[in-house]
Amino acid sequence: MKKYGALDRFRLIAALLVVSVHTSPLAGVSPIADFVLTRAVARLAVPFFMTVTGFFVLPELLYGDGKNCGRLAASLKKTGLIYLISVILYLPLGLYAGHYNGITPLKALKMLIFDGAFYHLWYLPAVMLGLSLIWLLSRFMRPGAIFAAAIFLYIVGLGGDSYYGLITLTPLGGIYGAIFAFSSYTRIFMAPLFLMMGAAAAKMKTVKKPLPLFVDLFAAMTAEALVLRSLDVQRHDSMYIFLPPCLWFLFQLLLGMDVKPLPCLRSASMVIYIVHPAAIVAVRLAAELTGLETLLVENALVHYLAVCALSGIAAVIWLLAEKRPDPPGRSRIELDAGALAHNVEALRERLPDGCLLMPVVKADAYGHGAVPISKELNRLGIRAFAVATVEEGARLRRGGIRGDILILGYTPPRQIGLVRRYRLIQTVTDLDYARELNALGRKVRVHLAVDTGMNRLGERADSENIFEMFGLKHLKIEGVFTHLCADDRPETKFADFTAGQTERFARLCDELEKRKIKVKKHILNSYGLFRYPEIGGDYARVGIALYGVLSDGPTTAELAADLKPVLTFRADIAQVKTVLPGENVGYGLGFTAERVMEVAVVAAGYADGVPRALSGRGEVLIKGRRAPMVGLICMDQFMVDVTGMDVRAGDSAVIIGSDGEERITACELADKCGTVANEIFSRLGSRPERRIVRGGKNWEKGFCDTDRA
């Protein structure tokens with residue numbers, strides 16, 4: 001899993017550099033040194049913020065198969081909200097400073113859209129305008145052409161910024177009068193280029209040894225700034241010819257650092273950026289009230305440090321005030337982010353060339369929690385998912401999941417509006433169903449299910465109906481797939497059947513090629529990827545393997561030993577009581593004590609997902625030791641024998657997962673219940689709250705993400 005902790009850390013540095021632009025900390029030491037700091041070093045800050053935004057927001061729009069813009073929409077919404085709050089925050093200060101004197105509706109519109117409602121806020125509308133422009137251009141231009149357009153806009157911006165004095169000596173100078181009529185500066189022209197640079201950095205491999213190139217280009221940019229200063233041609237010195245390549249190699253340098261992420265710095269840097277002008281006013285006011293102007297204002301370096309300190313305090317207050325996760329409930333499911341990332345990489349290493357993972361997150365991601373699991377998969381670069389129902393797909397979209405989402409099951413035609421609304425892909429099961437969807441008269445993205453021998457959903461692989469469906473004008477057929485139903489068994493009988501399924505699907509794919517029909521093709525599932533990776537395809541629909549196990553213990557040990565279980569299911573102990581010889585425990589007098597016993601009541605039952613079939617045969621882990629279940633499992637709790645174990649109410653019992661050196665696997669539970677791990681997972685109830693945990697720490701110790709089911 002690639003870490004972007006260096007980006008987090010440099011965000012904070014960039015925010016402090018922006019503060020330096022507005023406080024000139026080295027002015028009392030050396031005007032040249034201050035110029036280099038505030039007009040060269042600090043000019044990397046805002047472009048860096050833009051590049052980070054492009055890195056995380058734009059790849060799915062520009063390079064995704066479906067050209068999805070969910071991340072873009074979310075970013076615009078968030079940035080717009082931050083801008084609105086900032087405008088309200090600075091309105092009193094702007095009125096006090098006379099910033100809005102003589103303002104007209106046209107000037108107000110110009111200020112809000114281009115200049116920023118307060119001088120430093122221009123960055124927010126600039127990012128929104130840049131993202132919106134890139135989205136618009138992406139409707140009819142390829143990324144390379146958009147990049148060229150962004151470079152052109154940057155060159156135009158240069159002419160109204162650091163090179164303005166030179167441009168006015170040419171016939172082009174008159175153009176800028178029109179530009180300055182709607183924007184006081186041309187720095188907004190930098191946004192598309194740096195946003196596109198971020199998108200390109202996400203798509204391309206990291207440059208090797210970028211430090212020397214960054215140092216050389218930074219030296220060139222600094223020299224450029226000093227020359228322009230000596231010529232006195234700048235109108236607003238924030239854009240340079242060497243700035244984009246210099247920032248590119250700085251970004252490459254940061255991407256090459258495998259550093260632990262610090263999400264708190266993302267919020268802190270934004271708060272510092274937003275509040276530092278208010279902090280400047282506050283420091284000056286405090287200096288005036290205390291008579292410390294000489295120290296706090298006239299000493300530029302101390303003034304800068306005071307503003308940074310006050311802005312930092314505001315950031316800390318914000319972080320402390322941010323919503324913290326609720327305390328864990330009585331039963332909970334912890335999802336190990338590290339184990340999931342490990343499994344994704346292990347499965348990717350098995351993929352044949354050209355094949356991508358399409359995780360199957362149906363049945364609430366096999367009981368793990370579809371939204372938190374899929375969010376984590378999005379962070380790992382996964383952009384294709386499969387679910388069973390339209391409701392499951394809609395839940396993912398409402399949870400902010402990006403990428404293609406394929407519905408593997410049947411959706412009634414009356415619900416196809418939901419498929420379109422949530423940008424889902426529907427499986428077409430047969431020609432009659434295809435005609436029903438086509439008759440709706442609205443374009444629907446679909447994959448065709450092909451039956452190669454399972455006799456479940458799908459048209460037979462040799463049916464001409466498949467090709468007739470390609471003639472239905474309202475179906476946008478993007479893929480064909482089949483399902484292997486015997487690939488979990490290695491015996492000859494099952495291997496031969498799988499070979500037959502594969503052959504029938506391959507013949508269909510060959511016929512599609514002959515007819516020049518280009519679609520995605522997928523056949524591999526979890527077992528297929530382990531036993532028959534050579535089958536290939538565009539996607540591997542991995543399900544149970546993603547979560548670190550296969551359906552049973554022996555097969556997991558044979559094929560998936562390098563995977564790590566993702567899920568830990570634990571519950572509180574509600575009470576510990578002494579049971580005397582001859583007394584009964586639970587419903588139906590299901591257990592009778594033969595000796596004095598200590599019995600613990602665990603606050604989870606079959607409504608939470610503890611199979612009732614485990615009654616009298618299951619175990620849990622408490623303080624690293626196994627404790628056997630006694631009596632029948634109830635809907636809301638069950639009892640275990642903890643004699644001699646020093647257990648108290650409030651301790652936790654692990655139902656699935658590890659505790660110390662001991663582990664209870666879903667496969668172990670499945671074996672005792674006469675079923676498969678898939679069923680154990682998918683029957684986990686909705687009452688246990690699911691959360692991502694990181695760093696090998698459990699929920700109780702606070703190492704949990706706020707992503708939850």
# chains A, B, ... in the order shown; residues from 1 in each chain; ligands from 1

call {"tool": "select_by_dssp", "arguments": {"residues": "stretch 582-671 of chain A", "states": "helix (DSSP H, G or I)", "output": "mmCIF file with C-alpha atoms, in the first residue's frame"}}
result
data_model
loop_
_atom_site.group_PDB
_atom_site.id
_atom_site.type_symbol
_atom_site.label_atom_id
_atom_site.label_comp_id
_atom_site.auth_asym_id
_atom_site.auth_seq_id
_atom_site.Cartn_x
_atom_site.Cartn_y
_atom_site.Cartn_z
ATOM 1 C CA TYR A 587 -32.826 -22.004 27.592
ATOM 2 C CA GLY A 588 -34.273 -25.506 27.750
ATOM 3 C CA LEU A 589 -32.013 -26.547 30.617
ATOM 4 C CA ARG A 612 -26.896 -20.858 17.200
ATOM 5 C CA ALA A 613 -25.370 -24.085 15.887
ATOM 6 C CA LEU A 614 -22.280 -23.300 17.996
ATOM 7 C CA ALA A 666 -14.327 -18.153 10.485
ATOM 8 C CA CYS A 667 -13.372 -21.479 8.918
ATOM 9 C CA GLU A 668 -13.205 -23.060 12.385
ATOM 10 C CA LEU A 669 -16.701 -21.795 13.168
ATOM 11 C CA ALA A 670 -17.939 -22.949 9.768
ATOM 12 C CA ASP A 671 -16.555 -26.446 10.326
#

call {"tool": "residues_around", "arguments": {"residues": "A:Ala653", "least_positions_apart": "4", "cutoff": "8 Å", "atoms": "only C-alpha atoms", "output": "PyMOL selection string"}}
result
chain A and resi 570-573+602+620-623

call {"tool": "select_by_dssp", "arguments": {"residues": "stretch 554-646 of chain A", "states": "strand (DSSP E or B)", "output": "PDB file with N, CA and C atoms, in the first residue's frame"}}
result
ATOM      1  N   LEU A 567     -11.011  -9.495   9.502  1.00  0.00           N
ATOM      2  CA  LEU A 567     -12.069  -9.222  10.470  1.00  0.00           C
ATOM      3  C   LEU A 567     -11.775  -9.788  11.857  1.00  0.00           C
ATOM      4  N   THR A 568     -12.064  -8.994  12.861  1.00  0.00           N
ATOM      5  CA  THR A 568     -12.118  -9.451  14.252  1.00  0.00           C
ATOM      6  C   THR A 568     -13.493  -9.096  14.805  1.00  0.00           C
ATOM      7  N   PHE A 569     -14.167 -10.093  15.355  1.00  0.00           N
ATOM      8  CA  PHE A 569     -15.506  -9.914  15.923  1.00  0.00           C
ATOM      9  C   PHE A 569     -15.388 -10.130  17.420  1.00  0.00           C
ATOM     10  N   ARG A 570     -15.710  -9.091  18.191  1.00  0.00           N
ATOM     11  CA  ARG A 570     -15.581  -9.196  19.635  1.00  0.00           C
ATOM     12  C   ARG A 570     -16.805  -8.597  20.314  1.00  0.00           C
ATOM     13  N   ALA A 571     -17.017  -8.993  21.564  1.00  0.00           N
ATOM     14  CA  ALA A 571     -18.149  -8.478  22.336  1.00  0.00           C
ATOM     15  C   ALA A 571     -17.761  -8.376  23.805  1.00  0.00           C
ATOM     16  N   ASP A 572     -18.458  -7.493  24.504  1.00  0.00           N
ATOM     17  CA  ASP A 572     -18.193  -7.291  25.932  1.00  0.00           C
ATOM     18  C   ASP A 572     -18.741  -8.452  26.763  1.00  0.00           C
ATOM     19  N   ILE A 573     -18.102  -8.645  27.899  1.00  0.00           N
ATOM     20  CA  ILE A 573     -18.651  -9.545  28.919  1.00  0.00           C
ATOM     21  C   ILE A 573     -19.523  -8.696  29.844  1.00  0.00           C
ATOM     22  N   ALA A 574     -20.799  -9.074  29.918  1.00  0.00           N
ATOM     23  CA  ALA A 574     -21.765  -8.266  30.671  1.00  0.00           C
ATOM     24  C   ALA A 574     -21.780  -8.610  32.154  1.00  0.00           C
ATOM     25  N   GLN A 575     -21.521  -9.881  32.468  1.00  0.00           N
ATOM     26  CA  GLN A 575     -21.613 -10.297  33.863  1.00  0.00           C
ATOM     27  C   GLN A 575     -20.851 -11.599  34.038  1.00  0.00           C
ATOM     28  N   VAL A 576     -20.309 -11.788  35.209  1.00  0.00           N
ATOM     29  CA  VAL A 576     -19.684 -13.061  35.576  1.00  0.00           C
ATOM     30  C   VAL A 576     -20.372 -13.545  36.855  1.00  0.00           C
ATOM     31  N   LYS A 577     -20.842 -14.797  36.834  1.00  0.00           N
ATOM     32  CA  LYS A 577     -21.563 -15.303  38.002  1.00  0.00           C
ATOM     33  C   LYS A 577     -21.109 -16.718  38.340  1.00  0.00           C
ATOM     34  N   THR A 578     -21.336 -17.087  39.586  1.00  0.00           N
ATOM     35  CA  THR A 578     -21.011 -18.437  40.052  1.00  0.00           C
ATOM     36  C   THR A 578     -22.227 -19.336  39.868  1.00  0.00           C
ATOM     37  N   VAL A 579     -21.996 -20.493  39.242  1.00  0.00           N
ATOM     38  CA  VAL A 579     -23.052 -21.484  39.044  1.00  0.00           C
ATOM     39  C   VAL A 579     -22.697 -22.712  39.883  1.00  0.00           C
ATOM     40  N   ASN A 584     -28.700 -25.080  36.211  1.00  0.00           N
ATOM     41  CA  ASN A 584     -28.754 -25.071  34.748  1.00  0.00           C
ATOM     42  C   ASN A 584     -28.344 -23.710  34.196  1.00  0.00           C
ATOM     43  N   VAL A 585     -27.921 -23.733  32.934  1.00  0.00           N
ATOM     44  CA  VAL A 585     -27.515 -22.512  32.229  1.00  0.00           C
ATOM     45  C   VAL A 585     -28.271 -22.449  30.905  1.00  0.00           C
ATOM     46  N   PHE A 591     -27.754 -26.919  29.613  1.00  0.00           N
ATOM     47  CA  PHE A 591     -26.474 -27.266  30.230  1.00  0.00           C
ATOM     48  C   PHE A 591     -26.680 -27.327  31.741  1.00  0.00           C
ATOM     49  N   THR A 592     -26.137 -28.384  32.360  1.00  0.00           N
ATOM     50  CA  THR A 592     -26.214 -28.544  33.810  1.00  0.00           C
ATOM     51  C   THR A 592     -24.811 -28.617  34.388  1.00  0.00           C
ATOM     52  N   MET A 597     -18.815 -23.472  39.039  1.00  0.00           N
ATOM     53  CA  MET A 597     -18.277 -22.867  37.806  1.00  0.00           C
ATOM     54  C   MET A 597     -18.398 -21.348  37.866  1.00  0.00           C
ATOM     55  N   GLU A 598     -17.506 -20.691  37.137  1.00  0.00           N
ATOM     56  CA  GLU A 598     -17.643 -19.268  36.855  1.00  0.00           C
ATOM     57  C   GLU A 598     -18.122 -19.151  35.411  1.00  0.00           C
ATOM     58  N   VAL A 599     -19.273 -18.548  35.231  1.00  0.00           N
ATOM     59  CA  VAL A 599     -19.861 -18.417  33.892  1.00  0.00           C
ATOM     60  C   VAL A 599     -19.937 -16.939  33.535  1.00  0.00           C
ATOM     61  N   ALA A 600     -19.427 -16.604  32.350  1.00  0.00           N
ATOM     62  CA  ALA A 600     -19.479 -15.225  31.855  1.00  0.00           C
ATOM     63  C   ALA A 600     -20.579 -15.106  30.813  1.00  0.00           C
ATOM     64  N   VAL A 601     -21.325 -14.016  30.881  1.00  0.00           N
ATOM     65  CA  VAL A 601     -22.370 -13.726  29.900  1.00  0.00           C
ATOM     66  C   VAL A 601     -21.790 -12.754  28.874  1.00  0.00           C
ATOM     67  N   VAL A 602     -21.708 -13.206  27.631  1.00  0.00           N
ATOM     68  CA  VAL A 602     -21.140 -12.386  26.549  1.00  0.00           C
ATOM     69  C   VAL A 602     -22.279 -11.665  25.837  1.00  0.00           C
ATOM     70  N   GLU A 619     -16.262 -21.858  21.019  1.00  0.00           N
ATOM     71  CA  GLU A 619     -15.379 -21.252  22.015  1.00  0.00           C
ATOM     72  C   GLU A 619     -15.174 -19.788  21.675  1.00  0.00           C
ATOM     73  N   VAL A 620     -14.724 -19.020  22.652  1.00  0.00           N
ATOM     74  CA  VAL A 620     -14.287 -17.646  22.430  1.00  0.00           C
ATOM     75  C   VAL A 620     -12.911 -17.484  23.065  1.00  0.00           C
ATOM     76  N   LEU A 621     -12.263 -16.375  22.742  1.00  0.00           N
ATOM     77  CA  LEU A 621     -10.963 -16.062  23.325  1.00  0.00           C
ATOM     78  C   LEU A 621     -11.120 -14.929  24.322  1.00  0.00           C
ATOM     79  N   ILE A 622     -10.642 -15.158  25.537  1.00  0.00           N
ATOM     80  CA  ILE A 622     -10.653 -14.127  26.568  1.00  0.00           C
ATOM     81  C   ILE A 622      -9.266 -14.087  27.198  1.00  0.00           C
ATOM     82  N   ARG A 625      -6.940 -16.875  26.113  1.00  0.00           N
ATOM     83  CA  ARG A 625      -7.277 -18.272  26.413  1.00  0.00           C
ATOM     84  C   ARG A 625      -8.653 -18.605  25.854  1.00  0.00           C
ATOM     85  N   ARG A 626      -8.843 -19.886  25.533  1.00  0.00           N
ATOM     86  CA  ARG A 626     -10.126 -20.346  25.011  1.00  0.00           C
ATOM     87  C   ARG A 626     -11.098 -20.613  26.157  1.00  0.00           C
ATOM     88  N   ALA A 627     -12.322 -20.154  25.941  1.00  0.00           N
ATOM     89  CA  ALA A 627     -13.389 -20.391  26.919  1.00  0.00           C
ATOM     90  C   ALA A 627     -14.552 -21.039  26.174  1.00  0.00           C
ATOM     91  N   PRO A 628     -14.980 -22.252  26.591  1.00  0.00           N
ATOM     92  CA  PRO A 628     -16.043 -22.959  25.867  1.00  0.00           C
ATOM     93  C   PRO A 628     -17.424 -22.378  26.146  1.00  0.00           C
ATOM     94  N   MET A 629     -18.269 -22.405  25.109  1.00  0.00           N
ATOM     95  CA  MET A 629     -19.657 -21.971  25.264  1.00  0.00           C
ATOM     96  C   MET A 629     -20.440 -23.041  26.017  1.00  0.00           C
ATOM     97  N   VAL A 630     -21.350 -22.575  26.869  1.00  0.00           N
ATOM     98  CA  VAL A 630     -22.209 -23.511  27.597  1.00  0.00           C
ATOM     99  C   VAL A 630     -23.661 -23.077  27.433  1.00  0.00           C
ATOM    100  N   PHE A 638     -24.756 -15.002  24.994  1.00  0.00           N
ATOM    101  CA  PHE A 638     -24.481 -16.416  25.218  1.00  0.00           C
ATOM    102  C   PHE A 638     -23.541 -16.514  26.416  1.00  0.00           C
ATOM    103  N   MET A 639     -23.390 -17.731  26.918  1.00  0.00           N
ATOM    104  CA  MET A 639     -22.604 -17.940  28.131  1.00  0.00           C
ATOM    105  C   MET A 639     -21.385 -18.807  27.847  1.00  0.00           C
ATOM    106  N   VAL A 640     -20.296 -18.523  28.568  1.00  0.00           N
ATOM    107  CA  VAL A 640     -19.073 -19.309  28.411  1.00  0.00           C
ATOM    108  C   VAL A 640     -18.518 -19.650  29.788  1.00  0.00           C
ATOM    109  N   ASP A 641     -17.805 -20.757  29.840  1.00  0.00           N
ATOM    110  CA  ASP A 641     -17.172 -21.220  31.077  1.00  0.00           C
ATOM    111  C   ASP A 641     -15.830 -20.518  31.237  1.00  0.00           C
TER     112      ASP A 641
END

call {"tool": "residues_around", "arguments": {"residues": "A:Ala202", "least_positions_apart": "5", "cutoff": "8 Å", "atoms": "only C-alpha atoms", "output": "PyMOL selection string"}}
result
chain A and resi 55-56+59

call {"tool": "write_last_selection", "arguments": {"atoms": "C-alpha atoms", "output": "PDB file, in the first residue's frame"}}
result
ATOM      1  CA  PHE A  55      -3.630  14.027  -7.563  1.00  0.00           C
ATOM      2  CA  PHE A  56      -6.530  12.738  -5.489  1.00  0.00           C
ATOM      3  CA  PRO A  59      -7.613  10.526 -12.016  1.00  0.00           C
TER       4      PRO A  59
END

call {"tool": "closest_residue", "arguments": {"among": "A:Val654, A:Ile407, A:Val693, A:Ala449", "to": "A:Arg423", "atoms": "only C-alpha atoms"}}
result
A:Ile407

call {"tool": "residues_around", "arguments": {"residues": "A:Leu169", "least_positions_apart": "5", "cutoff": "12 Å", "atoms": "only C-alpha atoms", "output": "PyMOL selection string"}}
result
chain A and resi 159+163-164+174+233

call {"tool": "write_last_selection", "arguments": {"atoms": "C-alpha atoms", "output": "compact mmCIF listing (two decimals), in the first residue's frame"}}
result
# COMPACT_ATOMS: atom_id res chain seq x y z
CA GLY A 159 2.01 37.64 -19.01
CA TYR A 163 6.27 39.17 -16.83
CA TYR A 164 3.67 41.93 -17.04
CA GLY A 174 -3.71 45.33 -24.52
CA VAL A 233 8.61 44.15 -14.40

call {"tool": "closest_residue", "arguments": {"among": "A:Lys473, A:Arg350, A:Lys375, A:His120", "to": "A:Ile692", "atoms": "only C-alpha atoms"}}
result
A:Lys375

call {"tool": "decode", "arguments": {"residues": "stretch 673-689 of chain A", "atoms": "C-alpha atoms", "output": "compact mmCIF listing (two decimals), in the first residue's frame"}}
result
# COMPACT_ATOMS: atom_id res chain seq x y z
CA CYS A 673 -21.59 -25.49 12.12
CA GLY A 674 -21.37 -27.68 9.01
CA THR A 675 -21.21 -24.74 6.60
CA VAL A 676 -18.67 -22.50 4.85
CA ALA A 677 -16.88 -19.34 5.98
CA ASN A 678 -18.85 -17.34 3.40
CA GLU A 679 -22.06 -18.03 5.32
CA ILE A 680 -20.51 -17.30 8.72
CA PHE A 681 -19.37 -13.89 7.49
CA SER A 682 -22.48 -12.96 5.53
CA ARG A 683 -24.74 -13.75 8.50
CA LEU A 684 -22.96 -11.35 10.81
CA GLY A 685 -25.72 -9.08 12.05
CA SER A 686 -26.21 -5.37 11.57
CA ARG A 687 -25.93 -4.60 15.30
CA PRO A 688 -22.13 -4.91 15.59
CA GLU A 689 -20.65 -1.65 14.33
